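Visitor: See coords_21.cif below, with mmCIF, C-alpha atoms.
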```cif
data_query
loop_
_atom_site.label_atom_id
_atom_site.label_comp_id
_atom_site.auth_asym_id
_atom_site.auth_seq_id
_atom_site.Cartn_x
_atom_site.Cartn_y
_atom_site.Cartn_z
CA MET A 104 1.27 -17.78 25.56
CA ILE A 105 -0.20 -14.35 24.86
CA ASN A 106 1.95 -11.26 24.47
CA VAL A 107 0.24 -8.16 25.85
CA TYR A 108 1.54 -4.81 24.61
CA CYS A 109 1.08 -1.17 25.38
CA LEU A 110 2.80 1.99 24.12
CA LYS A 111 4.22 4.82 26.21
CA CYS A 112 5.95 7.66 24.40
CA ASP A 113 6.53 11.30 25.25
CA LYS A 114 4.75 12.92 28.20
CA LYS A 115 1.05 12.43 27.50
CA TYR A 116 0.83 9.60 30.03
CA ASP A 117 3.06 9.18 33.04
CA ARG A 118 4.49 5.88 34.17
CA SER A 119 1.59 5.21 36.54
CA PHE A 120 -0.69 4.49 33.56
CA VAL A 121 1.60 1.62 32.52
CA THR A 122 1.75 0.23 36.04
CA LYS A 123 -2.02 0.45 36.38
CA LEU A 124 -2.60 -1.31 33.06
CA LYS A 125 -0.08 -4.01 33.84
CA ASP A 126 -1.66 -4.68 37.25
CA SER A 127 -5.15 -4.75 35.70
CA VAL A 128 -4.12 -7.17 32.98
CA ASN A 129 -2.40 -9.44 35.49
CA LYS A 130 -5.50 -9.40 37.65
CA HIS A 131 -8.15 -9.81 34.96
CA LEU A 132 -6.49 -11.95 32.28
CA THR A 133 -6.28 -15.46 33.63
CA LYS A 134 -4.73 -16.95 30.50
CA LYS A 135 -0.95 -17.27 30.43
CA HIS A 136 0.57 -14.03 29.22
CA LYS A 137 3.59 -11.73 29.21
CA PHE A 138 3.30 -7.96 29.47
CA PHE A 139 5.47 -5.57 27.41
CA CYS A 140 5.60 -1.81 27.19
CA VAL A 141 7.09 -0.29 24.03
CA THR A 142 8.55 3.03 25.09
CA ASP A 143 10.99 5.83 24.31
CA LYS A 144 12.20 5.68 27.92
CA PRO A 145 12.82 2.08 28.98
CA GLU A 146 12.96 1.67 32.77
CA GLU A 147 11.60 -1.77 33.60
CA LYS A 148 12.57 -5.25 32.47
CA TRP A 149 9.32 -5.56 30.49
CA ASP A 150 10.06 -2.39 28.50
CA ILE A 151 11.00 -2.58 24.83
CA PRO A 152 12.77 0.46 23.31
CA ILE A 153 10.81 1.93 20.42
CA VAL A 154 12.33 2.10 16.97
CA ARG A 155 10.84 5.25 15.49
CA LYS A 156 10.42 5.21 11.77
CA PHE A 157 7.18 7.13 11.22
CA PRO A 158 5.67 10.27 12.81
CA ASP A 159 4.59 9.69 16.41
CA VAL A 160 0.87 9.30 15.77
CA TRP A 161 1.74 6.24 13.69
CA ASN A 162 3.84 4.50 16.38
CA LYS A 163 1.22 1.77 16.78
CA MET A 164 2.06 0.48 13.29
CA HIS A 165 5.26 -1.05 14.67
CA PHE A 166 3.27 -3.55 16.75
CA PHE A 167 2.26 -5.34 13.57
CA ASN A 168 5.84 -6.52 13.24
CA TYR A 169 5.32 -8.66 16.34
CA VAL A 170 4.21 -12.17 15.51
CA GLY A 171 2.35 -14.57 17.81
CA ASN A 172 -0.84 -14.32 19.84
CA SER A 173 -0.91 -10.64 20.71
CA LEU A 174 -3.14 -8.17 22.50
CA TYR A 175 -2.60 -4.43 22.48
CA PHE A 176 -4.12 -1.90 24.90
CA ASP A 177 -4.02 1.91 24.85
CA LEU A 178 -3.02 3.41 28.17
CA ASP A 179 -6.24 5.43 28.53
CA ILE A 180 -8.44 2.44 29.31
CA GLU A 181 -9.70 0.91 32.53
CA ILE A 182 -10.26 -2.79 33.09
CA HIS A 183 -12.81 -3.60 35.79
CA ASP A 184 -13.41 -7.34 35.38
CA ASN A 185 -12.27 -10.54 33.65
CA ILE A 186 -11.02 -10.04 30.04
CA ASP A 187 -10.48 -13.64 28.97
CA PHE A 188 -13.11 -13.02 26.27
CA LEU A 189 -10.48 -10.94 24.42
CA ALA A 190 -8.13 -13.88 24.22
CA LYS A 191 -10.35 -16.49 22.59
CA ASP A 192 -9.51 -16.45 18.89
CA PHE A 193 -6.41 -14.81 17.50
CA THR A 194 -6.94 -15.92 13.89
CA ASP A 195 -8.12 -12.58 12.53
CA PHE A 196 -6.88 -9.06 13.14
CA THR A 197 -9.52 -7.69 15.50
CA VAL A 198 -10.36 -4.14 16.62
CA ILE A 199 -13.15 -2.29 18.43
CA ASP A 200 -16.36 -1.28 16.65
CA SER A 201 -17.07 2.34 17.60
CA ARG A 202 -20.38 2.68 15.72
CA LYS A 203 -22.45 2.39 18.86
CA TRP A 204 -21.05 5.53 20.44
CA LYS A 205 -20.64 7.63 17.32
CA ASP A 206 -23.53 9.78 16.13
CA ASN A 207 -22.35 10.12 12.54
CA LYS A 208 -23.19 7.55 9.93
CA GLU A 209 -21.34 6.43 6.87
CA ASP A 210 -22.56 9.02 4.38
CA LEU A 211 -20.65 10.93 1.71
CA LYS A 212 -19.31 13.45 4.23
CA PHE A 213 -18.09 10.59 6.40
CA LYS A 214 -16.32 9.04 3.41
CA ILE A 215 -14.70 12.15 1.97
CA THR A 216 -13.37 13.20 5.36
CA ASN A 217 -11.83 9.73 5.74
CA ASN A 218 -13.69 9.12 8.96
CA THR A 219 -13.67 5.73 10.67
CA PHE A 220 -15.66 3.29 12.77
CA VAL A 221 -12.51 1.41 13.67
CA ASN A 222 -11.09 2.01 17.12
CA THR A 223 -7.66 0.54 17.84
CA SER A 224 -7.59 1.21 21.57
CA ILE A 225 -7.59 -2.58 21.84
CA MET A 226 -6.26 -4.84 19.08
CA ARG A 227 -5.79 -8.58 18.74
CA TRP A 228 -3.71 -10.44 16.15
CA THR A 229 -1.31 -13.27 15.52
CA TYR A 230 0.17 -12.20 12.22
CA ALA A 231 -0.37 -8.71 10.85
CA GLN A 232 2.90 -7.93 9.10
CA ASP A 233 0.98 -7.48 5.84
CA ILE A 234 -0.69 -4.42 7.39
CA TYR A 235 2.69 -2.99 8.36
CA GLN A 236 4.07 -3.72 4.91
CA LYS A 237 1.14 -2.08 3.13
CA PHE A 238 1.66 1.03 5.23
CA ALA A 239 5.46 1.08 4.94
CA ASN A 240 5.39 0.69 1.16
CA ASN A 241 3.43 3.92 0.72
CA TYR A 242 3.52 5.64 4.09
CA ASP A 243 4.05 9.09 2.64
CA THR A 244 0.64 8.92 0.95
CA PHE A 245 -1.12 7.45 3.98
CA ILE A 246 0.33 10.05 6.33
CA ARG A 247 -0.97 12.71 3.95
CA LEU A 248 -4.44 11.16 3.70
CA TYR A 249 -5.15 10.03 7.26
CA LYS A 250 -4.87 11.52 10.72
CA GLY A 251 -4.07 8.18 12.27
CA ILE A 252 -4.09 4.41 12.25
CA ASP A 253 -7.88 4.00 12.83
CA ARG A 254 -8.66 5.89 9.62
CA PHE A 255 -5.96 4.07 7.68
CA ILE A 256 -7.33 0.66 8.64
CA TYR A 257 -10.95 1.59 7.93
CA ASN A 258 -10.34 3.25 4.56
CA GLU A 259 -7.62 1.10 3.01
CA ASP A 260 -9.31 -2.28 2.66
CA ILE A 261 -7.41 -3.83 5.53
CA ALA A 262 -8.99 -7.13 6.55
CA TYR A 263 -10.26 -6.85 10.12
CA LYS A 264 -12.97 -8.08 12.44
CA TYR A 265 -14.70 -6.30 15.29
CA PHE A 266 -14.68 -7.73 18.81
CA ASP A 267 -18.04 -9.42 19.20
CA THR A 268 -18.87 -8.10 22.65
CA ASP A 269 -20.80 -5.43 24.52
CA LYS A 270 -18.31 -5.45 27.37
CA ILE A 271 -16.28 -2.56 25.97
CA VAL A 272 -17.75 0.93 26.43
CA SER A 273 -16.63 4.48 25.83
CA TRP A 274 -16.91 7.19 28.44
CA LYS A 275 -18.41 9.28 25.62
CA ASP A 276 -21.33 6.87 25.18
CA LYS A 277 -24.66 8.57 26.01
CA ASN A 278 -25.74 5.59 28.11
CA TYR A 279 -22.33 5.11 29.61
CA THR A 280 -22.09 2.88 32.61
CA LYS A 281 -18.91 1.11 33.55
CA LYS A 282 -18.75 -2.36 32.05
CA VAL A 283 -15.73 -4.65 31.80
CA ILE A 284 -13.52 -2.22 29.87
CA THR A 285 -13.92 1.54 29.65
CA LEU A 286 -12.20 3.54 26.91
CA TYR A 287 -11.27 7.12 27.75
CA ASN A 288 -10.44 8.31 24.20
CA GLY A 289 -10.04 12.08 24.17
CA ARG A 290 -10.05 12.47 27.97
CA TYR A 291 -6.33 13.04 28.33
CA LYS A 292 -4.69 15.79 26.30
CA ASN A 293 -1.05 16.15 25.31
CA MET B 3 -21.28 33.94 -10.77
CA ALA B 4 -19.66 35.60 -13.79
CA ASP B 5 -16.34 35.83 -11.97
CA ILE B 6 -15.66 32.11 -11.97
CA LYS B 7 -15.07 29.80 -14.88
CA ILE B 8 -15.76 26.14 -14.38
CA ASP B 9 -14.21 23.69 -16.77
CA SER B 10 -16.95 21.11 -17.20
CA GLU B 11 -14.67 18.33 -18.43
CA PHE B 12 -12.42 18.69 -15.40
CA ASN B 13 -15.47 18.67 -13.13
CA TYR B 14 -16.94 15.64 -14.85
CA ARG B 15 -13.72 13.66 -14.44
CA ALA B 16 -13.18 14.83 -10.85
CA LYS B 17 -16.72 13.71 -10.02
CA LYS B 18 -16.01 10.27 -11.47
CA VAL B 19 -12.83 10.06 -9.40
CA ILE B 20 -14.65 11.04 -6.19
CA GLN B 21 -17.40 8.51 -6.85
CA ARG B 22 -14.80 5.77 -7.17
CA PHE B 23 -12.36 7.02 -4.54
CA PRO B 24 -14.33 9.13 -2.04
CA ASN B 25 -11.47 9.01 0.45
CA ARG B 26 -9.33 10.92 -2.09
CA ALA B 27 -11.76 13.83 -2.61
CA LEU B 28 -9.95 16.34 -0.41
CA ASP B 29 -6.57 15.16 -1.63
CA LEU B 30 -7.71 15.68 -5.23
CA LEU B 31 -8.72 19.26 -4.44
CA HIS B 32 -5.38 19.77 -2.73
CA CYS B 33 -3.51 18.47 -5.78
CA PHE B 34 -5.27 20.94 -8.11
CA SER B 35 -5.24 23.86 -5.67
CA PRO B 36 -4.14 27.40 -6.64
CA SER B 37 -0.93 27.15 -4.60
CA GLN B 38 0.00 23.92 -6.37
CA GLU B 39 -0.66 25.58 -9.72
CA LYS B 40 1.38 28.65 -8.80
CA SER B 41 4.29 26.53 -7.63
CA LYS B 42 4.29 24.37 -10.74
CA ARG B 43 3.89 27.25 -13.22
CA TRP B 44 6.84 28.96 -11.55
CA LEU B 45 8.87 25.77 -11.99
CA ILE B 46 7.95 25.39 -15.65
CA ASN B 47 8.72 29.04 -16.45
CA ASN B 48 12.20 28.53 -14.98
CA LEU B 49 12.60 25.23 -16.82
CA LYS B 50 11.72 26.98 -20.09
CA LYS B 51 14.57 29.45 -19.60
CA HIS B 52 16.96 26.65 -18.70
CA ILE B 53 16.30 24.36 -21.68
CA GLY B 54 16.37 27.22 -24.18
CA HIS B 55 16.22 25.95 -27.75
CA ASN B 56 16.11 22.27 -26.90
CA LYS B 57 13.10 21.09 -28.93
CA ILE B 58 12.50 17.46 -28.06
CA LEU B 59 11.70 16.50 -24.51
CA GLU B 60 11.32 13.08 -22.97
CA ILE B 61 10.27 13.77 -19.42
CA ALA B 62 10.02 11.80 -16.17
CA ILE B 63 8.21 13.17 -13.15
CA LEU B 64 9.15 11.62 -9.82
CA GLY B 65 6.37 11.66 -7.23
CA SER B 66 3.83 12.79 -9.81
CA TRP B 67 0.70 12.56 -7.61
CA TYR B 68 -2.38 12.90 -9.88
CA GLY B 69 -0.54 14.35 -12.87
CA TYR B 70 -1.03 18.09 -12.57
CA THR B 71 2.61 18.85 -13.36
CA ALA B 72 2.35 16.76 -16.54
CA TYR B 73 -0.75 18.65 -17.62
CA LEU B 74 0.88 22.05 -17.05
CA LEU B 75 4.07 20.99 -18.85
CA LYS B 76 2.08 20.04 -21.92
CA ASP B 77 0.13 23.29 -21.70
CA MET B 78 3.08 25.62 -21.16
CA LEU B 79 5.66 23.93 -23.39
CA SER B 80 3.46 23.73 -26.47
CA ASP B 81 6.36 24.93 -28.65
CA LYS B 82 8.33 21.79 -27.77
CA LEU B 83 7.90 18.24 -28.97
CA ILE B 84 7.18 16.23 -25.86
CA THR B 85 7.47 12.56 -26.77
CA GLU B 86 6.53 11.21 -23.35
CA ILE B 87 5.81 12.35 -19.84
CA ARG B 88 6.28 9.36 -17.55
CA CYS B 89 4.57 9.94 -14.20
CA TYR B 90 6.09 7.85 -11.42
CA ASP B 91 4.45 7.58 -8.04
CA VAL B 92 4.69 4.92 -5.35
CA ASP B 93 0.94 5.26 -4.76
CA ASP B 94 -0.99 2.89 -7.01
CA THR B 95 -4.24 4.81 -6.54
CA ALA B 96 -2.50 7.96 -7.84
CA LYS B 97 -1.88 6.12 -11.09
CA LYS B 98 -5.55 5.13 -11.39
CA ILE B 99 -6.74 8.65 -10.65
CA GLY B 100 -4.18 10.19 -13.04
CA ARG B 101 -5.47 7.97 -15.82
CA MET B 102 -9.05 9.00 -15.06
CA MET B 103 -8.21 12.70 -15.00
CA PHE B 104 -6.04 12.85 -18.12
CA LYS B 105 -6.61 11.00 -21.38
CA ASP B 106 -3.50 12.43 -23.08
CA LYS B 107 -1.55 9.55 -24.64
CA THR B 108 1.74 11.32 -23.91
CA PHE B 109 1.15 10.86 -20.19
CA ILE B 110 2.10 7.44 -18.89
CA PHE B 111 1.27 6.83 -15.24
CA GLN B 112 3.32 4.16 -13.52
CA THR B 113 3.38 2.85 -9.96
CA GLN B 114 7.01 2.84 -9.00
CA ASP B 115 9.21 3.29 -5.96
CA ILE B 116 12.01 5.42 -7.39
CA SER B 117 14.45 4.68 -4.58
CA THR B 118 16.02 1.74 -6.38
CA MET B 119 15.73 2.93 -10.00
CA ASN B 120 18.80 3.22 -12.18
CA PHE B 121 18.15 6.15 -14.51
CA GLN B 122 21.08 5.11 -16.74
CA GLU B 123 18.65 2.56 -18.15
CA TYR B 124 16.18 5.21 -19.32
CA LYS B 125 16.38 7.82 -22.05
CA TYR B 126 14.81 10.80 -20.29
CA ASN B 127 16.48 14.12 -21.04
CA THR B 128 14.44 15.93 -18.37
CA ILE B 129 13.63 14.59 -14.90
CA ILE B 130 11.46 16.59 -12.53
CA ASN B 131 11.01 16.02 -8.82
CA THR B 132 8.60 18.44 -7.14
CA SER B 133 8.39 16.27 -4.02
CA CYS B 134 11.88 16.45 -2.52
CA GLU B 135 10.41 17.27 0.91
CA HIS B 136 8.70 13.85 0.80
CA MET B 137 11.88 11.86 0.12
CA SER B 138 15.11 11.17 1.94
CA ASP B 139 18.35 12.68 0.68
CA ASP B 140 19.57 9.17 -0.14
CA VAL B 141 16.71 8.65 -2.58
CA ILE B 142 17.35 12.01 -4.25
CA HIS B 143 21.10 11.40 -4.47
CA ASN B 144 20.48 7.97 -6.02
CA TRP B 145 18.33 9.55 -8.70
CA LEU B 146 20.88 12.29 -9.44
CA PHE B 147 23.80 9.88 -9.28
CA THR B 148 22.26 7.47 -11.79
CA ALA B 149 20.84 10.10 -14.18
CA LYS B 150 22.62 10.24 -17.53
CA SER B 151 25.12 13.00 -18.24
CA LYS B 152 23.51 16.21 -19.62
CA THR B 153 20.06 15.30 -18.27
CA THR B 154 18.17 18.36 -17.08
CA CYS B 155 17.25 17.67 -13.45
CA VAL B 156 14.66 19.80 -11.67
CA LEU B 157 14.31 19.71 -7.89
CA GLN B 158 11.73 21.50 -5.81
CA SER B 159 11.45 21.55 -2.03
CA THR B 160 10.06 23.70 0.77
CA ASN B 161 10.47 24.78 4.38
CA LYS B 162 6.75 24.22 5.03
CA PRO B 163 6.13 21.84 7.94
CA ALA B 164 3.47 19.22 7.27
CA ARG B 165 2.76 15.79 8.67
CA ASP B 166 3.86 14.10 5.43
CA HIS B 167 6.99 16.24 4.92
CA CYS B 168 9.90 14.18 6.17
CA ASN B 169 12.73 16.20 4.61
CA THR B 170 12.11 19.94 4.55
CA VAL B 171 15.01 22.39 4.13
CA GLU B 172 15.45 25.70 5.92
CA SER B 173 16.82 27.76 3.05
CA MET B 174 17.72 27.87 -0.62
CA LYS B 175 21.37 27.64 0.39
CA GLU B 176 20.81 24.42 2.35
CA PHE B 177 18.90 22.90 -0.56
CA LYS B 178 21.48 23.96 -3.16
CA ASP B 179 24.45 22.81 -1.06
CA LYS B 180 22.96 19.33 -0.68
CA PHE B 181 22.68 18.55 -4.37
CA VAL B 182 24.76 20.97 -6.44
CA GLU B 183 27.69 18.54 -6.65
CA HIS B 184 25.78 16.58 -9.33
CA PHE B 185 25.55 19.50 -11.79
CA GLU B 186 27.91 21.13 -14.25
CA GLU B 187 25.68 24.17 -14.72
CA PHE B 188 22.68 25.11 -12.66
CA SER B 189 20.29 27.87 -11.64
CA TYR B 190 18.23 28.28 -8.53
CA SER B 191 15.33 30.35 -7.32
CA GLU B 192 13.14 30.91 -4.27
CA LYS B 193 9.47 31.88 -4.14
CA ASP B 194 7.62 33.32 -1.18
CA PHE B 195 4.20 31.76 -0.49
CA GLY B 196 3.44 33.81 2.62
CA ASP B 197 3.85 31.39 5.51
CA TYR B 198 6.49 29.38 3.73
CA SER B 199 8.88 29.36 0.76
CA ARG B 200 9.50 26.99 -2.06
CA PHE B 201 12.97 26.35 -3.43
CA LEU B 202 13.87 25.40 -6.98
CA LEU B 203 17.12 24.00 -8.33
CA ILE B 204 17.60 23.20 -12.03
CA GLY B 205 20.85 21.73 -13.30
CA ASN B 206 22.48 19.73 -16.05
CA LYS B 207 23.92 16.48 -14.78
CA LYS B 208 27.74 16.32 -14.98
#
```
As a first step, turn the structure in this file into structure tokens.
Guide:
Amino acid sequence: MINVYCLKCDKKYDRSFVTKLKDSVNKHLTKKHKFFCVTDKPEEKWDIPIVRKFPDVWNKMHFFNYVGNSLYFDLDIEIHDNIDFLAKDFTDFTVIDSRKWKDNKEDLKFKITNNTFVNTSIMRWTYAQDIYQKFANNYDTFIRLYKGIDRFIYNEDIAYKYFDTDKIVSWKDKNYTKKVITLYNGRYKN
Amino acid sequence: MADIKIDSEFNYRAKKVIQRFPNRALDLLHCFSPSQEKSKRWLINNLKKHIGHNKILEIAILGSWYGYTAYLLKDMLSDKLITEIRCYDVDDTAKKIGRMMFKDKTFIFQTQDISTMNFQEYKYNTIINTSCEHMSDDVIHNWLFTAKSKTTCVLQSTNKPARDHCNTVESMKEFKDKFVEHFEEFSYSEKDFGDYSRFLLIGNKK
């Protein structure tokens, strides 16, 4: 059984984004799964009320407390075709490699500005409580140093793997054409 | 370029730190920024008045970051005998950077979460916390509650909003009212930094 999670807090995305994601996952993930939405406004039976402990931009950290075969999706993605390839191997904590659609390279400026090639719009894990614990033990420092979870994971020696696929694309990619999953990072504003 | 003075030793050590911890470069500059210096010199000037003729100081700094407060204490309290300045921070990298920046044997950097410490077990006569806006009231009360009687306790906070400030206060009165119960004698002061204020409370533990 795979647990599929998303996060809906505040007003950035309305409820239709959750419904659309849920329908897409049900349609395109043929492996047995359950869908959950962690939210500050529970309405449906698949909703889980959020326990806020850190500033909002860090809400995704709480997912690492969930154990078992897990997939996480941001709400600003579109799924166009079968995504069983995401659910093959849950051994390692896995994220998206954003190098192919970023112009900058890992030079000194990249390092000192705590930039990142990790994209957590989609994540896969079975056990990642060590990541949560590392963050929670010193969250004051990490909140000061990093603008968000992608930078924290990239710069703090967290063990991760990238999804080995070309089926995930960003709408910001120069050669963007819709593939299996499209990420719309930065398209929707607060 | 005659108007600026660059301390080459500081630069040399900062460069070493940035080479080893490039993701801390901006944070290092922030730690040693003019506003940080102004805030800490103001604190130490007030501390000087408070401790008066007390000659021997054994100091703990809670949330010490990269050790700038320790450096300024040693510099500005040169007429005192400082036996130790113990720099506690929950961030292990802060300890490593502090050790790289300062070779002074009086400074002892230690990775420590202060929330569960019992200060009865330590012999500090001065405990400084310039990071109250980063800590919950419970953590601060635990420190003040367990500090030995007569210990000089120094608290600094601010009303400045920032993403890592989880416990700002609106006014000097709010700050004082929260913690004054722990002190038999105390002084307090407020300093305007333009967009925000910093608040300082110094007291002797009951």
Visitor: With distances taken over only C-alpha atoms, which of A:Val170, A:Val121, A:Cys112, A:Leu211 is nearest to chain B?
Guide: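 With only C-alpha atoms as the atom set, the closest residue is A:Leu211.
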Visitor: Please write as a ChimeraX atom specification the full residue list that the PyMOL selection byres ((chain B) within 10 of (chain A)) yields on this file.
Guide: /B:20-21,23-29,67,91-96,115,136-137,164-168
Visitor: Compile the contact shell of Lys125 (chain B) as a PyMOL selection string: residues with an atom at most 9 Å away, counting all atoms listed in the file, same-chain residues fewer than 6 positions apart removed.
Guide: chain B and resi 60-61+150
Visitor: So which one's closest to Ser66 (chain B), B:Ser191, B:Ser199, B:Gln112, B:Ser37? Using all atoms listed in the file, please.
Guide: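 Ranked by minimum distance to Ser66 (chain B), first place goes to B:Gln112.
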Visitor: Please list as a list in words every residue within 7 Å of region 155-159 of chain B, counting all atoms listed in the file and excluding residues in the same chain fewer than 3 positions away.
Guide: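 Surrounding residues, per the criterion: Thr128, Ile129, Ile130, Asn131, Thr132, Ser133, Cys134, Glu135, Thr170, Arg200, Phe201, Leu202, Leu203, Ile204, Gly205, Asn206 and Lys207 of chain B.
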Visitor: Please determine, counting only C-alpha atoms, which residue among A:Phe139, A:Phe220, A:Trp149, A:Tyr108 has the shortest atom-to-atom distance to Leu174 (chain A).
Guide: A:Tyr108
Visitor: Evaluate the PyMOL selection byres ((chain B and resi 107) around 12) here and jot the selected residues down as JSON, numbers by chain.
Guide: {"B": [72, 73, 76, 84, 85, 86, 87, 88, 100, 101, 104, 105, 106, 108, 109, 110, 111]}
Visitor: My list of candidates is A:Asp187, A:Asp117, A:Asp192, A:Asp179. Which is closest to Thr133 (chain A) when distances are computed with all atoms listed in the file?
Guide: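 Checking each of A:Asp187, A:Asp117, A:Asp192, A:Asp179 against Thr133 (chain A), counting all atoms listed in the file, the winner is A:Asp187.
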Visitor: Go through A:Ala190, A:Leu124, A:Asn129, A:Leu110 and flag the residue nearest Val154 (chain A), using all atoms listed in the file for the distances.
Guide: A:Leu110
Visitor: Given the PyMOL selection byres ((chain A and resi 263) around 6) and the file above, list the residues it selects as a list of chain:residue names.
Guide: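 Written out, the selection comes to A:Phe196, A:Thr197, A:Ala262, A:Lys264.
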Visitor: Taking C-alpha atoms for each residue, export the selection above as a CSV table (one decimal), in the coordinates of the input.
Guide:
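Final output, out_9.csv:
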```csv
chain,number,residue,atom,x,y,z
A,196,PHE,CA,-6.9,-9.1,13.1
A,197,THR,CA,-9.5,-7.7,15.5
A,262,ALA,CA,-9.0,-7.1,6.6
A,264,LYS,CA,-13.0,-8.1,12.4
```
Visitor: So how far away is CA of His184 (chain B) from CA of Ala239 (chain A), in Å?
Guide: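 Interatomic distance here is 29.3 Å.
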